[in-house]
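*Asks:* Data file entry01.cif (mmCIF, C-alpha atoms; chains and numbers go by the auth columns) is appended below.
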```cif
data_final
#
loop_
_atom_site.group_PDB
_atom_site.id
_atom_site.type_symbol
_atom_site.label_atom_id
_atom_site.label_comp_id
_atom_site.label_asym_id
_atom_site.label_seq_id
_atom_site.Cartn_x
_atom_site.Cartn_y
_atom_site.Cartn_z
_atom_site.B_iso_or_equiv
_atom_site.auth_seq_id
_atom_site.auth_asym_id
ATOM 1 C CA GLY A 1 24.917 -2.783 0.561 0.00 1 A
ATOM 2 C CA ASP A 2 23.862 -3.582 -2.966 0.00 2 A
ATOM 3 C CA SER A 3 22.859 -0.753 -5.271 0.00 3 A
ATOM 4 C CA VAL A 4 22.008 -0.129 -8.915 0.00 4 A
ATOM 5 C CA THR A 5 22.413 3.170 -10.725 0.00 5 A
ATOM 6 C CA GLN A 6 20.852 3.672 -14.125 0.00 6 A
ATOM 7 C CA MET A 7 20.714 6.699 -16.335 0.00 7 A
ATOM 8 C CA GLU A 8 18.073 9.258 -15.597 0.00 8 A
ATOM 9 C CA GLY A 9 15.247 9.557 -18.044 0.00 9 A
ATOM 10 C CA PRO A 10 13.185 10.280 -19.828 0.00 10 A
ATOM 11 C CA VAL A 11 14.819 9.188 -23.058 0.00 11 A
ATOM 12 C CA THR A 12 13.081 10.175 -26.290 0.00 12 A
ATOM 13 C CA LEU A 13 14.139 8.646 -29.609 0.00 13 A
ATOM 14 C CA SER A 14 12.873 8.421 -33.143 0.00 14 A
ATOM 15 C CA GLU A 15 11.943 5.064 -34.591 0.00 15 A
ATOM 16 C CA GLU A 16 14.971 3.066 -35.840 0.00 16 A
ATOM 17 C CA ALA A 17 17.403 5.005 -33.629 0.00 17 A
ATOM 18 C CA PHE A 18 20.066 3.260 -31.554 0.00 18 A
ATOM 19 C CA LEU A 19 19.332 2.858 -27.860 0.00 19 A
ATOM 20 C CA THR A 20 21.695 2.693 -24.903 0.00 20 A
ATOM 21 C CA ILE A 21 20.552 2.784 -21.301 0.00 21 A
ATOM 22 C CA ASN A 22 23.457 2.761 -18.881 0.00 22 A
ATOM 23 C CA CYS A 23 23.460 0.672 -15.723 0.00 23 A
ATOM 24 C CA THR A 24 26.195 0.288 -13.126 0.00 24 A
ATOM 25 C CA TYR A 25 26.064 -1.633 -9.886 0.00 25 A
ATOM 26 C CA THR A 26 27.667 -2.168 -6.504 0.00 26 A
ATOM 27 C CA ALA A 27 27.326 -5.615 -4.966 0.00 27 A
ATOM 28 C CA THR A 28 28.951 -8.104 -2.660 0.00 28 A
ATOM 29 C CA GLY A 29 29.916 -11.416 -4.173 0.00 29 A
ATOM 30 C CA TYR A 30 28.986 -12.316 -7.728 0.00 30 A
ATOM 31 C CA PRO A 31 25.565 -10.957 -8.598 0.00 31 A
ATOM 32 C CA SER A 32 23.214 -11.987 -11.343 0.00 32 A
ATOM 33 C CA LEU A 33 22.043 -9.057 -13.446 0.00 33 A
ATOM 34 C CA PHE A 34 18.655 -8.444 -15.038 0.00 34 A
ATOM 35 C CA TRP A 35 16.800 -5.990 -17.213 0.00 35 A
ATOM 36 C CA TYR A 36 13.060 -5.757 -16.709 0.00 36 A
ATOM 37 C CA VAL A 37 10.570 -3.805 -18.833 0.00 37 A
ATOM 38 C CA GLN A 38 7.269 -2.308 -17.719 0.00 38 A
ATOM 39 C CA TYR A 39 4.762 -1.391 -20.424 0.00 39 A
ATOM 40 C CA PRO A 40 2.065 1.155 -19.554 0.00 40 A
ATOM 41 C CA GLY A 41 -0.502 -0.229 -17.120 0.00 41 A
ATOM 42 C CA GLU A 42 1.298 -3.514 -16.652 0.00 42 A
ATOM 43 C CA GLY A 43 3.643 -5.219 -14.212 0.00 43 A
ATOM 44 C CA LEU A 44 7.307 -5.875 -14.859 0.00 44 A
ATOM 45 C CA GLN A 45 8.453 -8.469 -17.374 0.00 45 A
ATOM 46 C CA LEU A 46 11.892 -10.006 -17.522 0.00 46 A
ATOM 47 C CA LEU A 47 13.651 -8.774 -20.662 0.00 47 A
ATOM 48 C CA LEU A 48 17.034 -10.477 -20.313 0.00 48 A
ATOM 49 C CA LYS A 49 19.528 -11.685 -17.745 0.00 49 A
ATOM 50 C CA ALA A 50 23.193 -12.600 -17.270 0.00 50 A
ATOM 51 C CA THR A 51 24.541 -14.665 -14.417 0.00 51 A
ATOM 52 C CA LYS A 52 28.316 -14.385 -14.748 0.00 52 A
ATOM 53 C CA ALA A 53 31.025 -12.090 -16.068 0.00 53 A
ATOM 54 C CA ASP A 54 31.156 -11.664 -19.853 0.00 54 A
ATOM 55 C CA ASP A 55 27.754 -13.295 -20.321 0.00 55 A
ATOM 56 C CA LYS A 56 25.573 -11.558 -22.875 0.00 56 A
ATOM 57 C CA GLY A 57 21.831 -11.599 -22.340 0.00 57 A
ATOM 58 C CA SER A 58 19.609 -10.975 -25.343 0.00 58 A
ATOM 59 C CA ASN A 59 15.912 -10.898 -26.182 0.00 59 A
ATOM 60 C CA LYS A 60 13.652 -9.109 -28.707 0.00 60 A
ATOM 61 C CA GLY A 61 16.646 -7.338 -30.260 0.00 61 A
ATOM 62 C CA PHE A 62 17.864 -6.015 -26.905 0.00 62 A
ATOM 63 C CA GLU A 63 21.180 -7.093 -25.469 0.00 63 A
ATOM 64 C CA ALA A 64 23.397 -6.397 -22.463 0.00 64 A
ATOM 65 C CA THR A 65 26.830 -7.701 -21.496 0.00 65 A
ATOM 66 C CA TYR A 66 27.888 -8.370 -17.888 0.00 66 A
ATOM 67 C CA ARG A 67 31.111 -6.364 -17.442 0.00 67 A
ATOM 68 C CA LYS A 68 32.696 -7.204 -14.104 0.00 68 A
ATOM 69 C CA GLU A 69 35.699 -4.923 -14.614 0.00 69 A
ATOM 70 C CA THR A 70 33.481 -1.856 -15.031 0.00 70 A
ATOM 71 C CA THR A 71 30.564 -3.179 -12.891 0.00 71 A
ATOM 72 C CA SER A 72 28.196 -2.381 -15.723 0.00 72 A
ATOM 73 C CA PHE A 73 25.293 -3.958 -17.588 0.00 73 A
ATOM 74 C CA HIS A 74 24.252 -1.453 -20.248 0.00 74 A
ATOM 75 C CA LEU A 75 21.146 -2.167 -22.308 0.00 75 A
ATOM 76 C CA GLU A 76 21.367 -1.687 -26.088 0.00 76 A
ATOM 77 C CA LYS A 77 19.153 -2.079 -29.114 0.00 77 A
ATOM 78 C CA GLY A 78 20.192 -1.309 -32.655 0.00 78 A
ATOM 79 C CA SER A 79 16.842 -0.050 -33.975 0.00 79 A
ATOM 80 C CA VAL A 80 14.011 0.856 -31.619 0.00 80 A
ATOM 81 C CA GLN A 81 10.321 0.683 -32.464 0.00 81 A
ATOM 82 C CA VAL A 82 7.343 2.628 -31.152 0.00 82 A
ATOM 83 C CA SER A 83 6.285 -0.541 -29.350 0.00 83 A
ATOM 84 C CA ASP A 84 9.488 -0.398 -27.260 0.00 84 A
ATOM 85 C CA SER A 85 8.155 2.637 -25.394 0.00 85 A
ATOM 86 C CA ALA A 86 8.172 1.577 -21.738 0.00 86 A
ATOM 87 C CA VAL A 87 10.042 1.928 -18.461 0.00 87 A
ATOM 88 C CA TYR A 88 13.229 -0.143 -18.221 0.00 88 A
ATOM 89 C CA PHE A 89 14.655 -1.332 -14.898 0.00 89 A
ATOM 90 C CA CYS A 90 18.120 -2.677 -14.258 0.00 90 A
ATOM 91 C CA ALA A 91 18.322 -5.060 -11.278 0.00 91 A
ATOM 92 C CA LEU A 92 20.717 -7.347 -9.489 0.00 92 A
ATOM 93 C CA SER A 93 20.511 -10.341 -7.204 0.00 93 A
ATOM 94 C CA SER A 94 23.589 -11.165 -5.188 0.00 94 A
ATOM 95 C CA GLY A 95 24.732 -14.087 -3.103 0.00 95 A
ATOM 96 C CA GLY A 96 23.718 -17.693 -3.199 0.00 96 A
ATOM 97 C CA SER A 97 20.007 -17.176 -2.729 0.00 97 A
ATOM 98 C CA ASN A 98 17.612 -15.456 -5.032 0.00 98 A
ATOM 99 C CA TYR A 99 15.517 -13.841 -2.416 0.00 99 A
ATOM 100 C CA LYS A 100 16.149 -10.221 -3.146 0.00 100 A
ATOM 101 C CA LEU A 101 16.321 -8.097 -6.242 0.00 101 A
ATOM 102 C CA THR A 102 17.791 -4.624 -5.969 0.00 102 A
ATOM 103 C CA PHE A 103 16.371 -2.315 -8.645 0.00 103 A
ATOM 104 C CA GLY A 104 17.503 0.867 -10.257 0.00 104 A
ATOM 105 C CA LYS A 105 14.980 3.692 -10.365 0.00 105 A
ATOM 106 C CA GLY A 106 13.906 2.999 -13.928 0.00 106 A
ATOM 107 C CA THR A 107 14.330 4.819 -17.231 0.00 107 A
ATOM 108 C CA LEU A 108 11.322 5.913 -19.245 0.00 108 A
ATOM 109 C CA LEU A 109 11.826 5.416 -22.976 0.00 109 A
ATOM 110 C CA THR A 110 9.528 7.077 -25.507 0.00 110 A
ATOM 111 C CA VAL A 111 9.927 6.216 -29.175 0.00 111 A
ATOM 112 C CA ASN A 112 8.268 8.525 -31.686 0.00 112 A
ATOM 113 C CA PRO A 113 7.250 7.440 -35.199 0.00 113 A
ATOM 114 C CA ASP B 1 3.851 -19.236 -18.752 0.00 1 B
ATOM 115 C CA VAL B 2 3.989 -18.179 -15.145 0.00 2 B
ATOM 116 C CA LYS B 3 0.873 -16.378 -14.029 0.00 3 B
ATOM 117 C CA VAL B 4 0.904 -14.045 -11.046 0.00 4 B
ATOM 118 C CA THR B 5 -2.543 -12.655 -10.356 0.00 5 B
ATOM 119 C CA GLN B 6 -3.297 -9.720 -8.098 0.00 6 B
ATOM 120 C CA SER B 7 -6.869 -9.519 -6.922 0.00 7 B
ATOM 121 C CA SER B 8 -7.508 -5.856 -7.763 0.00 8 B
ATOM 122 C CA ARG B 9 -6.111 -3.461 -10.363 0.00 9 B
ATOM 123 C CA TYR B 10 -7.462 -0.397 -8.587 0.00 10 B
ATOM 124 C CA LEU B 11 -8.481 0.052 -4.974 0.00 11 B
ATOM 125 C CA VAL B 12 -9.662 3.085 -3.011 0.00 12 B
ATOM 126 C CA LYS B 13 -9.725 2.971 0.796 0.00 13 B
ATOM 127 C CA ARG B 14 -9.961 5.422 3.665 0.00 14 B
ATOM 128 C CA THR B 15 -7.356 6.262 6.297 0.00 15 B
ATOM 129 C CA GLY B 16 -7.462 3.930 9.265 0.00 16 B
ATOM 130 C CA GLU B 17 -8.996 1.044 7.344 0.00 17 B
ATOM 131 C CA LYS B 18 -7.411 -2.392 7.346 0.00 18 B
ATOM 132 C CA VAL B 19 -6.560 -3.230 3.739 0.00 19 B
ATOM 133 C CA PHE B 20 -5.825 -6.629 2.220 0.00 20 B
ATOM 134 C CA LEU B 21 -4.017 -7.086 -1.086 0.00 21 B
ATOM 135 C CA GLU B 22 -4.051 -10.615 -2.449 0.00 22 B
ATOM 136 C CA CYS B 23 -1.643 -12.330 -4.804 0.00 23 B
ATOM 137 C CA VAL B 24 -1.803 -15.828 -6.297 0.00 24 B
ATOM 138 C CA GLN B 25 0.777 -17.620 -8.434 0.00 25 B
ATOM 139 C CA ASP B 26 0.226 -20.807 -10.418 0.00 26 B
ATOM 140 C CA MET B 27 3.767 -22.153 -10.818 0.00 27 B
ATOM 141 C CA ASP B 28 4.419 -23.719 -7.422 0.00 28 B
ATOM 142 C CA HIS B 29 7.106 -21.121 -6.695 0.00 29 B
ATOM 143 C CA GLU B 30 8.718 -21.138 -3.281 0.00 30 B
ATOM 144 C CA ASN B 31 9.478 -17.415 -3.127 0.00 31 B
ATOM 145 C CA MET B 32 6.951 -14.611 -3.166 0.00 32 B
ATOM 146 C CA PHE B 33 7.488 -10.857 -2.805 0.00 33 B
ATOM 147 C CA TRP B 34 5.627 -7.608 -2.267 0.00 34 B
ATOM 148 C CA TYR B 35 7.025 -4.335 -3.627 0.00 35 B
ATOM 149 C CA ARG B 36 5.740 -0.827 -3.809 0.00 36 B
ATOM 150 C CA GLN B 37 6.542 1.366 -6.786 0.00 37 B
ATOM 151 C CA ASP B 38 6.671 5.143 -6.502 0.00 38 B
ATOM 152 C CA PRO B 39 7.788 7.751 -9.068 0.00 39 B
ATOM 153 C CA GLY B 40 11.447 8.592 -8.682 0.00 40 B
ATOM 154 C CA LEU B 41 12.003 5.835 -6.137 0.00 41 B
ATOM 155 C CA GLY B 42 11.701 2.740 -8.299 0.00 42 B
ATOM 156 C CA LEU B 43 10.684 -0.517 -6.652 0.00 43 B
ATOM 157 C CA ARG B 44 11.203 -1.099 -2.959 0.00 44 B
ATOM 158 C CA LEU B 45 10.802 -4.455 -1.262 0.00 45 B
ATOM 159 C CA ILE B 46 8.253 -4.559 1.556 0.00 46 B
ATOM 160 C CA TYR B 47 8.260 -8.245 2.545 0.00 47 B
ATOM 161 C CA PHE B 48 9.132 -11.572 1.067 0.00 48 B
ATOM 162 C CA SER B 49 8.360 -15.180 1.862 0.00 49 B
ATOM 163 C CA TYR B 50 10.499 -18.200 1.017 0.00 50 B
ATOM 164 C CA ASP B 51 8.068 -20.855 2.214 0.00 51 B
ATOM 165 C CA VAL B 52 4.608 -21.298 3.663 0.00 52 B
ATOM 166 C CA LYS B 53 4.297 -19.413 6.954 0.00 53 B
ATOM 167 C CA MET B 54 7.829 -18.035 6.539 0.00 54 B
ATOM 168 C CA LYS B 55 8.452 -14.344 5.971 0.00 55 B
ATOM 169 C CA GLU B 56 11.207 -11.802 6.158 0.00 56 B
ATOM 170 C CA LYS B 57 11.168 -8.040 6.225 0.00 57 B
ATOM 171 C CA GLY B 58 12.338 -6.180 3.203 0.00 58 B
ATOM 172 C CA ASP B 59 13.559 -2.607 3.049 0.00 59 B
ATOM 173 C CA ILE B 60 10.341 -0.813 4.051 0.00 60 B
ATOM 174 C CA PRO B 61 8.168 -3.106 6.215 0.00 61 B
ATOM 175 C CA GLU B 62 6.809 -0.433 8.574 0.00 62 B
ATOM 176 C CA GLY B 63 3.034 -0.225 8.513 0.00 63 B
ATOM 177 C CA TYR B 64 2.658 -3.533 6.666 0.00 64 B
ATOM 178 C CA SER B 65 2.322 -7.200 7.514 0.00 65 B
ATOM 179 C CA VAL B 66 1.994 -10.316 5.372 0.00 66 B
ATOM 180 C CA SER B 67 0.418 -13.727 5.462 0.00 67 B
ATOM 181 C CA ARG B 68 1.297 -16.905 3.598 0.00 68 B
ATOM 182 C CA GLU B 69 -0.935 -19.777 4.660 0.00 69 B
ATOM 183 C CA LYS B 70 -0.749 -21.602 1.318 0.00 70 B
ATOM 184 C CA LYS B 71 2.148 -21.857 -1.078 0.00 71 B
ATOM 185 C CA GLU B 72 0.343 -20.182 -3.962 0.00 72 B
ATOM 186 C CA ARG B 73 -1.051 -17.209 -2.053 0.00 73 B
ATOM 187 C CA PHE B 74 0.706 -14.239 -0.457 0.00 74 B
ATOM 188 C CA SER B 75 -1.277 -11.450 1.167 0.00 75 B
ATOM 189 C CA LEU B 76 -0.138 -7.946 2.037 0.00 76 B
ATOM 190 C CA ILE B 77 -1.951 -6.252 4.910 0.00 77 B
ATOM 191 C CA LEU B 78 -2.030 -2.577 5.716 0.00 78 B
ATOM 192 C CA GLU B 79 -2.984 -2.649 9.382 0.00 79 B
ATOM 193 C CA SER B 80 -4.217 0.953 9.495 0.00 80 B
ATOM 194 C CA ALA B 81 -3.993 2.604 6.109 0.00 81 B
ATOM 195 C CA SER B 82 -2.454 6.047 5.842 0.00 82 B
ATOM 196 C CA THR B 83 -2.249 8.491 2.920 0.00 83 B
ATOM 197 C CA ASN B 84 1.506 7.909 2.541 0.00 84 B
ATOM 198 C CA GLN B 85 0.710 4.311 1.585 0.00 85 B
ATOM 199 C CA THR B 86 -0.951 5.467 -1.616 0.00 86 B
ATOM 200 C CA SER B 87 1.138 3.694 -4.239 0.00 87 B
ATOM 201 C CA MET B 88 1.362 0.971 -6.862 0.00 88 B
ATOM 202 C CA TYR B 89 1.854 -2.436 -5.234 0.00 89 B
ATOM 203 C CA LEU B 90 3.482 -5.246 -7.166 0.00 90 B
ATOM 204 C CA CYS B 91 3.574 -8.913 -6.248 0.00 91 B
ATOM 205 C CA ALA B 92 6.206 -11.288 -7.647 0.00 92 B
ATOM 206 C CA SER B 93 7.210 -14.929 -7.375 0.00 93 B
ATOM 207 C CA SER B 94 10.276 -16.987 -8.196 0.00 94 B
ATOM 208 C CA SER B 95 11.496 -20.528 -7.872 0.00 95 B
ATOM 209 C CA TYR B 96 14.216 -21.518 -5.475 0.00 96 B
ATOM 210 C CA SER B 97 17.656 -22.170 -6.873 0.00 97 B
ATOM 211 C CA GLN B 98 20.923 -22.975 -5.216 0.00 98 B
ATOM 212 C CA GLY B 99 24.296 -21.505 -6.075 0.00 99 B
ATOM 213 C CA TYR B 100 24.748 -18.449 -8.198 0.00 100 B
ATOM 214 C CA SER B 101 22.327 -19.131 -10.990 0.00 101 B
ATOM 215 C CA ASN B 102 19.484 -16.991 -9.850 0.00 102 B
ATOM 216 C CA GLN B 103 15.978 -17.384 -11.123 0.00 103 B
ATOM 217 C CA PRO B 104 14.118 -14.282 -12.299 0.00 104 B
ATOM 218 C CA GLN B 105 11.078 -12.949 -10.529 0.00 105 B
ATOM 219 C CA HIS B 106 7.714 -12.971 -12.295 0.00 106 B
ATOM 220 C CA PHE B 107 5.420 -10.043 -11.605 0.00 107 B
ATOM 221 C CA GLY B 108 1.704 -9.450 -11.455 0.00 108 B
ATOM 222 C CA ASP B 109 0.098 -6.427 -13.133 0.00 109 B
ATOM 223 C CA GLY B 110 0.002 -4.424 -9.933 0.00 110 B
ATOM 224 C CA THR B 111 -2.648 -2.877 -7.685 0.00 111 B
ATOM 225 C CA ARG B 112 -2.934 0.886 -7.708 0.00 112 B
ATOM 226 C CA LEU B 113 -4.030 1.725 -4.168 0.00 113 B
ATOM 227 C CA SER B 114 -5.333 5.133 -3.173 0.00 114 B
ATOM 228 C CA ILE B 115 -5.832 6.022 0.490 0.00 115 B
ATOM 229 C CA LEU B 116 -8.141 8.981 1.018 0.00 116 B
#
```
Could I get this structure in the form of structure tokens?

*Replies:*
Amino acid sequence: GDSVTQMEGPVTLSEEAFLTINCTYTATGYPSLFWYVQYPGEGLQLLLKATKADDKGSNKGFEATYRKETTSFHLEKGSVQVSDSAVYFCALSSGGSNYKLTFGKGTLLTVNP
Amino acid sequence: DVKVTQSSRYLVKRTGEKVFLECVQDMDHENMFWYRQDPGLGLRLIYFSYDVKMKEKGDIPEGYSVSREKKERFSLILESASTNQTSMYLCASSSYSQGYSNQPQHFGDGTRLSIL
């Protein structure tokens, strides 16, 4: 079955540091890939997505590239801010329907001033 | 913007009670979902619905049921609440799309349910 593995947290960085959160997946067919972010006390928000190999999703300075050869979708940001502190979830949706999302377990990011 | 509204942010119930969690979306989405979120386990799908009165089991449906009588509303029901159902419950919706271009899911703010 489908699965998503993302790096264990928590991750603690100083403001303006470079961020990478690794995500690899196993899926049948050609999945779409997503990163969601959950700020404290809130639900999940879509951060970015990519629907085919070599696509790059980007939003709010974050980006991730769909790498089919390595089955990866790592999240990166060049300079994090305190306001980026949140839990980040990698997810995939496979097949022709969009019924199901399979999530990774989430990575807690804390950015200190 | 898509708005997914869950009826309660916090809820405290007792074991054995029948519990209803309500979710409403305002974007005419076909698909609606219920997840539970637990530390170290991430999000797990309980049930989803792809049309009015249609439902399918997710990964952990035991102890839960759902109801979708109107397109905009999706209810999660705990038939007889137990302490192991204490969790954060998240509702989501998405539009239908064909082919491989999948639409993202839009989430509510969650209901933190405690069963005593």

*Asks:* Pick out the residues sitting within 9 Å of Asn112 (chain A), and hand them over as a tab-separated table (two decimals) with C-alpha atoms, in the coordinates of the input; count all atoms listed in the file, and ignore anything fewer than 2 positions along from it in its own chain.

*Replies:*
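Listing of out_20.tsv after writing:
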```tsv
chain	number	residue	atom	x	y	z
A	12	THR	CA	13.08	10.18	-26.29
A	13	LEU	CA	14.14	8.65	-29.61
A	14	SER	CA	12.87	8.42	-33.14
A	15	GLU	CA	11.94	5.06	-34.59
A	81	GLN	CA	10.32	0.68	-32.46
A	82	VAL	CA	7.34	2.63	-31.15
A	85	SER	CA	8.15	2.64	-25.39
A	110	THR	CA	9.53	7.08	-25.51
```

*Asks:* Using the chain letters and residue numbers of this document, give as a short mmCIF file (atom, residue, chain, number, x, y, z; two decimals) with C-alpha atoms, in the coordinates of the input the residues selected by the PyMOL selection byres ((chain A) within 9 of (chain B)).

*Replies:*
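The file below, selection21.cif, is the result:
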```
data_model
loop_
_atom_site.label_atom_id
_atom_site.label_comp_id
_atom_site.auth_asym_id
_atom_site.auth_seq_id
_atom_site.Cartn_x
_atom_site.Cartn_y
_atom_site.Cartn_z
CA TYR A 30 28.99 -12.32 -7.73
CA PRO A 31 25.56 -10.96 -8.60
CA SER A 32 23.21 -11.99 -11.34
CA PHE A 34 18.66 -8.44 -15.04
CA GLY A 41 -0.50 -0.23 -17.12
CA GLU A 42 1.30 -3.51 -16.65
CA GLY A 43 3.64 -5.22 -14.21
CA LEU A 44 7.31 -5.88 -14.86
CA GLN A 45 8.45 -8.47 -17.37
CA LEU A 46 11.89 -10.01 -17.52
CA LYS A 49 19.53 -11.68 -17.74
CA THR A 51 24.54 -14.66 -14.42
CA LYS A 52 28.32 -14.38 -14.75
CA PHE A 89 14.66 -1.33 -14.90
CA SER A 93 20.51 -10.34 -7.20
CA SER A 94 23.59 -11.16 -5.19
CA GLY A 95 24.73 -14.09 -3.10
CA GLY A 96 23.72 -17.69 -3.20
CA SER A 97 20.01 -17.18 -2.73
CA ASN A 98 17.61 -15.46 -5.03
CA TYR A 99 15.52 -13.84 -2.42
CA LYS A 100 16.15 -10.22 -3.15
CA LEU A 101 16.32 -8.10 -6.24
CA THR A 102 17.79 -4.62 -5.97
CA PHE A 103 16.37 -2.32 -8.64
CA GLY A 104 17.50 0.87 -10.26
CA LYS A 105 14.98 3.69 -10.36
CA GLY A 106 13.91 3.00 -13.93
#
```

*Asks:* Quick one, how far is CA of Gly1 (chain A) from CA of Leu92 (chain A)?

*Replies:*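 Taking CA of Gly1 (chain A) and CA of Leu92 (chain A), their separation equals 11.8 Å.
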
*Asks:* Run the PyMOL selection byres ((chain B and resi 71-79) around 10) against the file shown and list the residues it catches, as a PyMOL selection string.

*Replies:* chain B and resi 4-6+16-35+46-53+62-70+80-82+85+89+91-93

*Asks:* On this file, the PyMOL selection byres ((chain A and resi 59-64) around 7) gives some set of residues; write that set as a ChimeraX atom specification.

*Replies:* /A:47-48,56-58,65-66,73-77

*Asks:* Could you tell me how far CA of Thr5 (chain A) lies from CA of Leu19 (chain A), in Å and to one decimal?

*Replies:*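 Between CA of Thr5 (chain A) and CA of Leu19 (chain A) the gap works out to 17.4 Å.
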
*Asks:* Quick one, how far is CA of Thr24 (chain A) from CA of Ser87 (chain B)?

*Replies:* 26.8 Å
